[in-house]
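The data block below is work_23.pdb; it holds PDB, C-alpha atoms and all ligand atoms.
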```pdb
ATOM      1  CA  MET A  18     105.682  92.790  78.899  1.00  0.00           C
ATOM      2  CA  GLU A  19     102.154  93.223  77.684  1.00  0.00           C
ATOM      3  CA  LEU A  20      99.341  95.185  79.357  1.00  0.00           C
ATOM      4  CA  LEU A  21      96.114  93.289  80.067  1.00  0.00           C
ATOM      5  CA  PRO A  22      92.725  94.725  81.093  1.00  0.00           C
ATOM      6  CA  THR A  23      91.267  93.952  84.551  1.00  0.00           C
ATOM      7  CA  GLY A  24      87.600  93.815  85.511  1.00  0.00           C
ATOM      8  CA  ASP A  25      87.338  97.462  86.532  1.00  0.00           C
ATOM      9  CA  GLY A  26      88.839  98.668  83.244  1.00  0.00           C
ATOM     10  CA  THR A  27      92.323  99.393  84.624  1.00  0.00           C
ATOM     11  CA  PRO A  28      95.268  97.591  83.047  1.00  0.00           C
ATOM     12  CA  THR A  29      97.748  95.219  84.625  1.00  0.00           C
ATOM     13  CA  LEU A  30     100.862  93.351  83.517  1.00  0.00           C
ATOM     14  CA  PHE A  31     101.764  89.681  83.485  1.00  0.00           C
ATOM     15  CA  HIS A  32     105.249  88.905  84.806  1.00  0.00           C
ATOM     16  CA  PRO A  33     106.828  86.153  82.667  1.00  0.00           C
ATOM     17  CA  GLY A  34     109.255  85.098  85.426  1.00  0.00           C
ATOM     18  CA  TYR A  35     106.781  84.735  88.294  1.00  0.00           C
ATOM     19  CA  LEU A  36     103.942  83.717  85.939  1.00  0.00           C
ATOM     20  CA  GLU A  37     101.626  86.006  87.883  1.00  0.00           C
ATOM     21  CA  ALA A  38      99.821  89.244  87.092  1.00  0.00           C
ATOM     22  CA  TYR A  39     100.630  92.445  88.968  1.00  0.00           C
ATOM     23  CA  HIS A  40      96.975  92.819  90.025  1.00  0.00           C
ATOM     24  CA  PRO A  41      93.911  90.595  90.424  1.00  0.00           C
ATOM     25  CA  ARG A  42      91.725  90.149  87.355  1.00  0.00           C
ATOM     26  CA  GLN A  43      88.758  91.615  89.275  1.00  0.00           C
ATOM     27  CA  GLY A  44      90.417  95.026  89.221  1.00  0.00           C
ATOM     28  CA  ALA A  45      93.652  96.827  89.976  1.00  0.00           C
ATOM     29  CA  LEU A  46      91.891  99.949  91.270  1.00  0.00           C
ATOM     30  CA  LEU A  47      89.380  97.979  93.282  1.00  0.00           C
ATOM     31  CA  GLN A  48      92.083  96.153  95.217  1.00  0.00           C
ATOM     32  CA  ALA A  49      94.116  99.329  95.719  1.00  0.00           C
ATOM     33  CA  ARG A  50      91.130 101.123  97.241  1.00  0.00           C
ATOM     34  CA  ARG A  51      89.461  98.416  99.270  1.00  0.00           C
ATOM     35  CA  LEU A  52      92.445  96.504 100.541  1.00  0.00           C
ATOM     36  CA  TYR A  53      95.446  98.814 100.651  1.00  0.00           C
ATOM     37  CA  LEU A  54      93.959 102.280 101.145  1.00  0.00           C
ATOM     38  CA  GLU A  55      90.909 101.448 103.270  1.00  0.00           C
ATOM     39  CA  GLY A  56      92.103  98.192 104.859  1.00  0.00           C
ATOM     40  CA  SER A  57      95.064 100.078 106.315  1.00  0.00           C
ATOM     41  CA  ARG A  58      92.834 103.030 107.363  1.00  0.00           C
ATOM     42  CA  THR A  59      95.174 105.287 105.386  1.00  0.00           C
ATOM     43  CA  HIS A  60      92.098 107.020 103.939  1.00  0.00           C
ATOM     44  CA  LEU A  61      91.366 108.377 107.432  1.00  0.00           C
ATOM     45  CA  HIS A  62      94.878 109.230 108.567  1.00  0.00           C
ATOM     46  CA  PRO A  63      95.667 112.943 109.004  1.00  0.00           C
ATOM     47  CA  ALA A  64      99.316 112.568 107.904  1.00  0.00           C
ATOM     48  CA  PRO A  65      99.800 109.157 106.303  1.00  0.00           C
ATOM     49  CA  ARG A  66     103.229 107.578 105.943  1.00  0.00           C
ATOM     50  CA  VAL A  67     103.041 104.524 103.760  1.00  0.00           C
ATOM     51  CA  LEU A  68     105.761 101.939 103.258  1.00  0.00           C
ATOM     52  CA  GLU A  69     105.112  99.764 100.205  1.00  0.00           C
ATOM     53  CA  VAL A  70     106.882  96.572  99.207  1.00  0.00           C
ATOM     54  CA  GLY A  71     106.495  96.396  95.412  1.00  0.00           C
ATOM     55  CA  LEU A  72     105.714  99.738  93.746  1.00  0.00           C
ATOM     56  CA  GLY A  73     104.996  98.033  90.394  1.00  0.00           C
ATOM     57  CA  LEU A  74     102.715 100.180  88.229  1.00  0.00           C
ATOM     58  CA  LEU A  75     102.210 102.743  91.027  1.00  0.00           C
ATOM     59  CA  VAL A  76      98.509 101.916  91.230  1.00  0.00           C
ATOM     60  CA  ASN A  77      98.458 101.736  95.029  1.00  0.00           C
ATOM     61  CA  PHE A  78     100.566 104.894  95.200  1.00  0.00           C
ATOM     62  CA  ARG A  79      98.253 106.840  92.904  1.00  0.00           C
ATOM     63  CA  VAL A  80      95.064 105.685  94.642  1.00  0.00           C
ATOM     64  CA  THR A  81      96.570 106.711  97.991  1.00  0.00           C
ATOM     65  CA  LEU A  82      97.724 110.042  96.604  1.00  0.00           C
ATOM     66  CA  GLU A  83      94.327 110.780  95.061  1.00  0.00           C
ATOM     67  CA  ASN A  84      92.722 110.281  98.451  1.00  0.00           C
ATOM     68  CA  ALA A  85      95.314 112.440 100.248  1.00  0.00           C
ATOM     69  CA  LEU A  86      94.925 115.237  97.697  1.00  0.00           C
ATOM     70  CA  ALA A  87      91.130 115.104  97.965  1.00  0.00           C
ATOM     71  CA  ARG A  88      91.409 115.420 101.757  1.00  0.00           C
ATOM     72  CA  GLY A  89      94.140 118.079 101.633  1.00  0.00           C
ATOM     73  CA  VAL A  90      96.606 116.040 103.713  1.00  0.00           C
ATOM     74  CA  PRO A  91     100.300 115.534 102.857  1.00  0.00           C
ATOM     75  CA  LEU A  92     101.423 112.049 101.862  1.00  0.00           C
ATOM     76  CA  ARG A  93     104.776 110.514 102.624  1.00  0.00           C
ATOM     77  CA  TYR A  94     105.358 107.313 100.696  1.00  0.00           C
ATOM     78  CA  LEU A  95     108.411 105.079 100.824  1.00  0.00           C
ATOM     79  CA  ALA A  96     108.528 102.239  98.321  1.00  0.00           C
ATOM     80  CA  VAL A  97     110.923  99.332  97.963  1.00  0.00           C
ATOM     81  CA  GLU A  98     111.142  98.052  94.396  1.00  0.00           C
ATOM     82  CA  ARG A  99     113.606  95.480  93.114  1.00  0.00           C
ATOM     83  CA  GLU A 100     112.666  95.554  89.418  1.00  0.00           C
ATOM     84  CA  PRO A 101     111.521  99.038  88.366  1.00  0.00           C
ATOM     85  CA  LEU A 102     109.523  99.210  85.143  1.00  0.00           C
ATOM     86  CA  PRO A 103     110.526 101.575  82.327  1.00  0.00           C
ATOM     87  CA  ALA A 104     108.837 104.980  82.120  1.00  0.00           C
ATOM     88  CA  SER A 105     107.602 104.157  78.606  1.00  0.00           C
ATOM     89  CA  LEU A 106     105.582 101.240  79.966  1.00  0.00           C
ATOM     90  CA  LEU A 107     104.338 103.078  83.070  1.00  0.00           C
ATOM     91  CA  ALA A 108     103.155 105.920  80.829  1.00  0.00           C
ATOM     92  CA  GLN A 109     100.644 103.559  79.223  1.00  0.00           C
ATOM     93  CA  VAL A 110      98.953 102.820  82.565  1.00  0.00           C
ATOM     94  CA  ARG A 111      96.470 105.639  82.965  1.00  0.00           C
ATOM     95  CA  LEU A 112      94.013 105.690  85.831  1.00  0.00           C
ATOM     96  CA  PRO A 113      90.781 107.661  86.280  1.00  0.00           C
ATOM     97  CA  LEU A 114      92.280 109.684  89.145  1.00  0.00           C
ATOM     98  CA  PRO A 115      92.299 113.322  88.025  1.00  0.00           C
ATOM     99  CA  ARG A 116      94.402 114.758  90.853  1.00  0.00           C
ATOM    100  CA  ALA A 117      96.996 112.011  91.111  1.00  0.00           C
ATOM    101  CA  GLU A 118      97.557 111.682  87.364  1.00  0.00           C
ATOM    102  CA  GLY A 119      99.032 115.197  87.234  1.00  0.00           C
ATOM    103  CA  VAL A 120     101.632 114.239  89.833  1.00  0.00           C
ATOM    104  CA  PHE A 121     102.214 110.920  88.029  1.00  0.00           C
ATOM    105  CA  GLU A 122     103.120 112.893  84.847  1.00  0.00           C
ATOM    106  CA  GLU A 123     105.782 114.791  86.801  1.00  0.00           C
ATOM    107  CA  ILE A 124     107.116 111.558  88.285  1.00  0.00           C
ATOM    108  CA  LEU A 125     107.384 109.973  84.837  1.00  0.00           C
ATOM    109  CA  GLU A 126     109.495 112.854  83.558  1.00  0.00           C
ATOM    110  CA  ALA A 127     112.198 112.054  86.115  1.00  0.00           C
ATOM    111  CA  TRP A 128     111.634 108.278  86.463  1.00  0.00           C
ATOM    112  CA  PRO A 129     113.531 106.375  87.816  1.00  0.00           C
ATOM    113  CA  ALA A 130     114.768 108.554  90.691  1.00  0.00           C
ATOM    114  CA  GLN A 131     115.110 108.020  94.407  1.00  0.00           C
ATOM    115  CA  ARG A 132     112.999 110.985  95.452  1.00  0.00           C
ATOM    116  CA  PHE A 133     110.049 112.952  94.090  1.00  0.00           C
ATOM    117  CA  ALA A 134     108.480 115.785  96.051  1.00  0.00           C
ATOM    118  CA  GLY A 135     105.952 118.560  95.665  1.00  0.00           C
ATOM    119  CA  PRO A 136     103.188 120.358  97.543  1.00  0.00           C
ATOM    120  CA  TRP A 137     101.415 116.979  97.612  1.00  0.00           C
ATOM    121  CA  GLY A 138     104.148 115.330  99.718  1.00  0.00           C
ATOM    122  CA  GLU A 139     107.003 112.965  98.944  1.00  0.00           C
ATOM    123  CA  LEU A 140     107.683 109.646  97.240  1.00  0.00           C
ATOM    124  CA  ARG A 141     110.989 107.960  97.989  1.00  0.00           C
ATOM    125  CA  VAL A 142     112.013 104.763  96.237  1.00  0.00           C
ATOM    126  CA  VAL A 143     114.627 102.294  97.397  1.00  0.00           C
ATOM    127  CA  PHE A 144     115.662 100.261  94.348  1.00  0.00           C
ATOM    128  CA  ALA A 145     116.549  96.994  96.087  1.00  0.00           C
ATOM    129  CA  GLY A 146     115.018  93.817  97.389  1.00  0.00           C
ATOM    130  CA  VAL A 147     113.181  94.354 100.673  1.00  0.00           C
ATOM    131  CA  GLU A 148     115.353  91.615 102.180  1.00  0.00           C
ATOM    132  CA  GLU A 149     118.413  93.898 101.909  1.00  0.00           C
ATOM    133  CA  ALA A 150     116.852  97.373 101.861  1.00  0.00           C
ATOM    134  CA  PRO A 151     117.507  99.662 104.824  1.00  0.00           C
ATOM    135  CA  LEU A 152     114.171 100.678 106.352  1.00  0.00           C
ATOM    136  CA  PRO A 153     113.405 103.422 108.857  1.00  0.00           C
ATOM    137  CA  PHE A 154     112.522 102.502 112.416  1.00  0.00           C
ATOM    138  CA  HIS A 155     109.114 103.385 113.896  1.00  0.00           C
ATOM    139  CA  TRP A 156     108.169 105.493 110.853  1.00  0.00           C
ATOM    140  CA  ALA A 157     105.174 104.129 108.911  1.00  0.00           C
ATOM    141  CA  SER A 158     101.471 104.429 109.644  1.00  0.00           C
ATOM    142  CA  ALA A 159     100.825 101.627 107.123  1.00  0.00           C
ATOM    143  CA  VAL A 160     102.649  98.909 105.230  1.00  0.00           C
ATOM    144  CA  TYR A 161     101.331  97.760 101.861  1.00  0.00           C
ATOM    145  CA  LEU A 162     102.853  94.313 101.342  1.00  0.00           C
ATOM    146  CA  ASP A 163     102.418  93.727  97.612  1.00  0.00           C
ATOM    147  CA  PRO A 164     105.173  91.591  96.088  1.00  0.00           C
ATOM    148  CA  PHE A 165     104.136  88.534  94.097  1.00  0.00           C
ATOM    149  CA  SER A 166     102.631  85.602  96.005  1.00  0.00           C
ATOM    150  CA  PRO A 167     104.480  83.654  98.729  1.00  0.00           C
ATOM    151  CA  ARG A 168     104.357  80.566  96.536  1.00  0.00           C
ATOM    152  CA  VAL A 169     106.429  82.090  93.732  1.00  0.00           C
ATOM    153  CA  ASN A 170     108.328  84.746  95.716  1.00  0.00           C
ATOM    154  CA  PRO A 171     108.796  83.595  99.340  1.00  0.00           C
ATOM    155  CA  GLY A 172     111.495  86.089 100.437  1.00  0.00           C
ATOM    156  CA  PRO A 173     109.315  89.133 101.260  1.00  0.00           C
ATOM    157  CA  TRP A 174     106.817  86.952 103.179  1.00  0.00           C
ATOM    158  CA  GLY A 175     109.275  85.321 105.594  1.00  0.00           C
ATOM    159  CA  LEU A 176     109.889  86.085 109.253  1.00  0.00           C
ATOM    160  CA  PRO A 177     113.079  88.189 108.815  1.00  0.00           C
ATOM    161  CA  VAL A 178     111.336  90.637 106.459  1.00  0.00           C
ATOM    162  CA  LEU A 179     108.137  90.722 108.521  1.00  0.00           C
ATOM    163  CA  LYS A 180     110.138  91.598 111.633  1.00  0.00           C
ATOM    164  CA  LYS A 181     111.799  94.406 109.685  1.00  0.00           C
ATOM    165  CA  LEU A 182     108.427  95.689 108.521  1.00  0.00           C
ATOM    166  CA  ARG A 183     107.075  95.507 112.066  1.00  0.00           C
ATOM    167  CA  ARG A 184     110.001  97.615 113.289  1.00  0.00           C
ATOM    168  CA  ALA A 185     109.326 100.168 110.519  1.00  0.00           C
ATOM    169  CA  LEU A 186     105.703 100.575 111.701  1.00  0.00           C
ATOM    170  CA  ARG A 187     104.477 102.811 114.456  1.00  0.00           C
ATOM    171  CA  ARG A 188     102.460 101.160 117.188  1.00  0.00           C
ATOM    172  CA  GLY A 189      98.872 100.585 116.018  1.00  0.00           C
ATOM    173  CA  GLY A 190      99.929 100.828 112.362  1.00  0.00           C
ATOM    174  CA  ARG A 191      98.614  98.269 109.921  1.00  0.00           C
ATOM    175  CA  LEU A 192     100.221  95.899 107.479  1.00  0.00           C
ATOM    176  CA  VAL A 193      97.802  94.915 104.728  1.00  0.00           C
ATOM    177  CA  THR A 194      98.112  92.293 102.023  1.00  0.00           C
ATOM    178  CA  TYR A 195      96.031  90.081  99.763  1.00  0.00           C
ATOM    179  CA  SER A 196      97.727  86.865 100.877  1.00  0.00           C
ATOM    180  CA  ALA A 197      95.998  84.598 103.380  1.00  0.00           C
ATOM    181  CA  GLN A 198      98.644  81.863 103.279  1.00  0.00           C
ATOM    182  CA  GLY A 199      98.954  79.932 106.557  1.00  0.00           C
ATOM    183  CA  ALA A 200     102.761  79.992 106.893  1.00  0.00           C
ATOM    184  CA  PHE A 201     102.790  83.728 106.193  1.00  0.00           C
ATOM    185  CA  ARG A 202     100.089  84.404 108.779  1.00  0.00           C
ATOM    186  CA  ARG A 203     101.930  82.409 111.430  1.00  0.00           C
ATOM    187  CA  ALA A 204     105.117  84.356 110.701  1.00  0.00           C
ATOM    188  CA  LEU A 205     103.170  87.606 110.882  1.00  0.00           C
ATOM    189  CA  LYS A 206     102.023  86.758 114.430  1.00  0.00           C
ATOM    190  CA  GLU A 207     105.539  85.783 115.398  1.00  0.00           C
ATOM    191  CA  ALA A 208     106.808  89.125 114.089  1.00  0.00           C
ATOM    192  CA  GLY A 209     104.579  90.983 116.571  1.00  0.00           C
ATOM    193  CA  PHE A 210     101.333  91.582 114.695  1.00  0.00           C
ATOM    194  CA  ALA A 211      97.770  90.940 115.820  1.00  0.00           C
ATOM    195  CA  LEU A 212      96.175  89.063 112.943  1.00  0.00           C
ATOM    196  CA  HIS A 213      92.842  90.062 111.417  1.00  0.00           C
ATOM    197  CA  ARG A 214      91.183  88.201 108.582  1.00  0.00           C
ATOM    198  CA  VAL A 215      89.100  90.423 106.365  1.00  0.00           C
ATOM    199  CA  ARG A 216      86.773  89.448 103.552  1.00  0.00           C
ATOM    200  CA  GLY A 217      88.465  89.798 100.193  1.00  0.00           C
ATOM    201  CA  VAL A 218      87.164  90.746  96.795  1.00  0.00           C
ATOM    202  CA  GLY A 219      87.886  88.059  94.217  1.00  0.00           C
ATOM    203  CA  LYS A 220      89.270  85.803  96.954  1.00  0.00           C
ATOM    204  CA  ARG A 221      87.903  84.636 100.256  1.00  0.00           C
ATOM    205  CA  GLU A 222      90.168  86.518 102.642  1.00  0.00           C
ATOM    206  CA  TRP A 223      92.770  89.252 102.820  1.00  0.00           C
ATOM    207  CA  THR A 224      95.084  89.803 105.789  1.00  0.00           C
ATOM    208  CA  VAL A 225      95.504  92.786 108.091  1.00  0.00           C
ATOM    209  CA  GLY A 226      98.205  92.741 110.775  1.00  0.00           C
ATOM    210  CA  ILE A 227      98.117  95.382 113.497  1.00  0.00           C
ATOM    211  CA  ALA A 228     101.407  96.382 115.099  1.00  0.00           C
ATOM    212  CA  VAL A 229     100.965  95.677 118.786  1.00  0.00           C
ATOM    213  CA  GLY A 230     103.350  95.390 121.699  1.00  0.00           C
ATOM    214  CA  VAL A 231     107.060  95.981 121.508  1.00  0.00           C
ATOM    215  CA  PRO A 232     108.745  95.390 118.135  1.00  0.00           C
ATOM    216  CA  PRO A 233     110.921  92.260 118.005  1.00  0.00           C
ATOM    217  CA  GLY A 234     114.647  92.788 118.569  1.00  0.00           C
TER     218      GLY A 234
HETATM  219  C1  LIG B 301     102.176  92.649  92.419  1.00  0.00           C
HETATM  220  S1  LIG B 301     103.373  93.806  91.837  1.00  0.00           S
HETATM  221  C2  LIG B 301     103.025  95.296  92.745  1.00  0.00           C
HETATM  222  C3  LIG B 301     101.902  96.149  92.191  1.00  0.00           C
HETATM  223  C4  LIG B 301     101.944  97.555  92.753  1.00  0.00           C
HETATM  224  N1  LIG B 301     101.819  97.568  94.189  1.00  0.00           N
HETATM  225  C5  LIG B 301     100.982  98.516  92.116  1.00  0.00           C
HETATM  226  O1  LIG B 301     100.268  99.219  92.844  1.00  0.00           O
HETATM  227  O2  LIG B 301     100.940  98.601  90.871  1.00  0.00           O
HETATM  228  C6  LIG B 301     104.826  93.206  92.690  1.00  0.00           C
HETATM  229  C7  LIG B 301     106.022  94.111  92.651  1.00  0.00           C
HETATM  230  O3  LIG B 301     106.909  93.680  93.692  1.00  0.00           O
HETATM  231  C8  LIG B 301     108.233  93.776  93.240  1.00  0.00           C
HETATM  232  N2  LIG B 301     109.030  92.848  94.065  1.00  0.00           N
HETATM  233  C9  LIG B 301     108.992  91.499  94.050  1.00  0.00           C
HETATM  234  N3  LIG B 301     109.798  90.989  94.982  1.00  0.00           N
HETATM  235  C10 LIG B 301     110.379  92.035  95.619  1.00  0.00           C
HETATM  236  C11 LIG B 301     111.319  92.138  96.681  1.00  0.00           C
HETATM  237  N4  LIG B 301     111.822  91.056  97.266  1.00  0.00           N
HETATM  238  N5  LIG B 301     111.697  93.376  97.073  1.00  0.00           N
HETATM  239  C12 LIG B 301     111.187  94.476  96.468  1.00  0.00           C
HETATM  240  N6  LIG B 301     110.294  94.432  95.460  1.00  0.00           N
HETATM  241  C13 LIG B 301     109.888  93.228  95.035  1.00  0.00           C
HETATM  242  C14 LIG B 301     108.148  93.406  91.780  1.00  0.00           C
HETATM  243  O4  LIG B 301     109.264  93.894  91.048  1.00  0.00           O
HETATM  244  C15 LIG B 301     106.834  94.057  91.367  1.00  0.00           C
HETATM  245  O5  LIG B 301     107.029  95.344  90.874  1.00  0.00           O
END
```
structure tokens encoding of this file:
Amino acid sequence: MELLPTGDGTPTLFHPGYLEAYHPRQGALLQARRLYLEGSRTHLHPAPRVLEVGLGLLVNFRVTLENALARGVPLRYLAVEREPLPASLLAQVRLPLPRAEGVFEEILEAWPAQRFAGPWGELRVVFAGVEEAPLPFHWASAVYLDPFSPRVNPGPWGLPVLKKLRRALRRGGRLVTYSAQGAFRRALKEAGFALHRVRGVGKREWTVGIAVGVPPG
């Protein structure tokens, strides 16, 4: 797979199977910061626990880690990834994040592994599809839902997975994603989320779901 530049200078990849890029052309970093980090309020959380569906190039992870390191708070990050990329390819994706890139170097030395830890916190990776992956209950402060789009990859956007993600979230936690698809949003409500539409960058709307009420059985 070949790296392509995005609008903010950070690279992305094009997946030949899904025929979609890993990040929007406007910018991989931009989306990671505005949508995932800030849209989920993780940038304000005193002890964030992030559950990500689709670790990809670890852009969202590194942006989140950079913020946690700058604030001096520990980060716990659990990612579900069905198709991990080789270390040689990941090593070419450098980001202007001085604190997080040091940790990224250490991660690359052992990649792929199920657990990485240090004074900065912990990254655990479940190498499976989210449909099958065991997830913790009532654990996450935020869910970053970032597989490819519902059109080309419907599994992670359907009601069974959304219910699982809702159960993994603590009450008041946020699920954030770039998709604004109608069927997905209806399923999100059914799974026990309050739906918020937020203005996107490079597209009209993003979606934020807030975990309210009792998780579905
Ligand atoms: C858009 S990319 C994610 C980009 C990533 N969040 C980042 O910060 O660089 C989508 C990722 O989701 C993964 N993926 C797709 N379907 C999945 C599924 N059902 N379960 C787990 N991972 C999945 C793909 O392998 C790919 O790495």
Note to self: Please list as a PyMOL selection string every residue within 9 Å of Leu212 of chain A, counting all atoms listed in the file and excluding residues in the same chain fewer than 5 positions away.
What the structure shows: chain A and resi 202-203+205-206+224-227
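Between atom CA of Val97 of chain A and atom CA of Phe78 of chain A there is a distance of 12.1 Å.
For the residues A:Val76, A:Ile124, A:Ala45, A:Leu140, ranking by smallest atom-to-atom distance to ligand LIG 301 (chain B) using only C-alpha atoms and all ligand atoms places A:Val76 first.
Across the structure, atom CA of Gly135 of chain A and atom CA of Val147 of chain A are spaced 25.8 Å apart.
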Notebook entry, point to check: Taking the file as shown, what set of residues would the PyMOL selection byres (((chain A and resi 27) around 7) and not hetatm) give back, as a ChimeraX atom specification?
Noted result: /A:22-23,25-26,28-29,44-46,112
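Minimum atom-to-atom distances from A:Gly209, A:Pro232, A:Gly172, A:Gly190 to ligand LIG 301 (chain B) were compared using only C-alpha atoms and all ligand atoms, and the lowest value belongs to A:Gly172.
Each of A:Arg99, A:Arg79, A:His32, A:Arg58 was compared to ligand LIG 301 (chain B) using only C-alpha atoms and all ligand atoms, and A:Arg99 turns out to be the nearest.
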Next item on the list: Compute the set of protein, DNA and RNA residues whose minimum atom distance to ligand LIG 301 (chain B) is at most 8 Å, using only C-alpha atoms and all ligand atoms, and state it as a VMD selection string.
Entry: chain A and resid 29 38 to 40 45 49 69 to 79 97 to 102 144 to 148 161 to 166 170 172 to 173
Check: Skipping near chain neighbours, those fewer than 3 positions away, what residues fall within 10 Å of Ala108 of chain A using all atoms listed in the file, listed as number ranges by chain?
Finding: A: 74, 103-105, 111, 121-122, 125-126
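Atom CA of Val120 of chain A is positioned 13.1 Å from atom CA of Arg132 of chain A.
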Each side padded by 5 Å, which centre and which edge lengths in Å (one decimal) define the axis-aligned box around the listed atoms of segment 186-195 of chain A? Give them as JSON.
```
{"center_x": 100.9, "center_y": 96.4, "center_z": 108.5, "size_x": 19.7, "size_y": 22.7, "size_z": 27.4}
```
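Counting all atoms listed in the file, the residue from A:Arg221, A:Leu20, A:Phe201, A:Val193 that sits nearest to Leu52 of chain A is A:Val193.
Of the listed residues A:Ala208, A:Leu36, A:Ala127, A:Ala200, the one whose atoms come nearest to Leu179 of chain A is A:Ala208, with distances taken using only C-alpha atoms.
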Next item on the list: Considering all atoms listed in the file, return as JSON, numbers by chain whatever protein or nucleic-acid residues lie within 9 Å of Pro63 of chain A, sequence-local ones (same chain, fewer than 6 positions apart) excluded.
Entry: {"A": [85, 88, 90, 91]}
Next item on the list: Starting from the displayed file, determine the output of the PyMOL selection byres (((chain A and resi 155) around 10) and not hetatm) and express the residue list as a count of residues only.
Entry: 15
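Proximity to Leu82 of chain A was assessed for A:Trp223, A:Trp128, A:Tyr53, A:Trp137 counting all atoms listed in the file; the smallest distance is recorded for A:Trp137.
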I need the residue set behind the PyMOL selection byres (((chain A and resi 114) around 8) and not hetatm) for this file; please write it as a PDB file with C-alpha atoms, in the frame of the given file.
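Written file, selection_19.pdb:
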```
ATOM      1  CA  ARG A  79      98.253 106.840  92.904  1.00  0.00           C
ATOM      2  CA  VAL A  80      95.064 105.685  94.642  1.00  0.00           C
ATOM      3  CA  GLU A  83      94.327 110.780  95.061  1.00  0.00           C
ATOM      4  CA  LEU A 112      94.013 105.690  85.831  1.00  0.00           C
ATOM      5  CA  PRO A 113      90.781 107.661  86.280  1.00  0.00           C
ATOM      6  CA  PRO A 115      92.299 113.322  88.025  1.00  0.00           C
ATOM      7  CA  ARG A 116      94.402 114.758  90.853  1.00  0.00           C
ATOM      8  CA  ALA A 117      96.996 112.011  91.111  1.00  0.00           C
ATOM      9  CA  GLU A 118      97.557 111.682  87.364  1.00  0.00           C
TER      10      GLU A 118
END
```
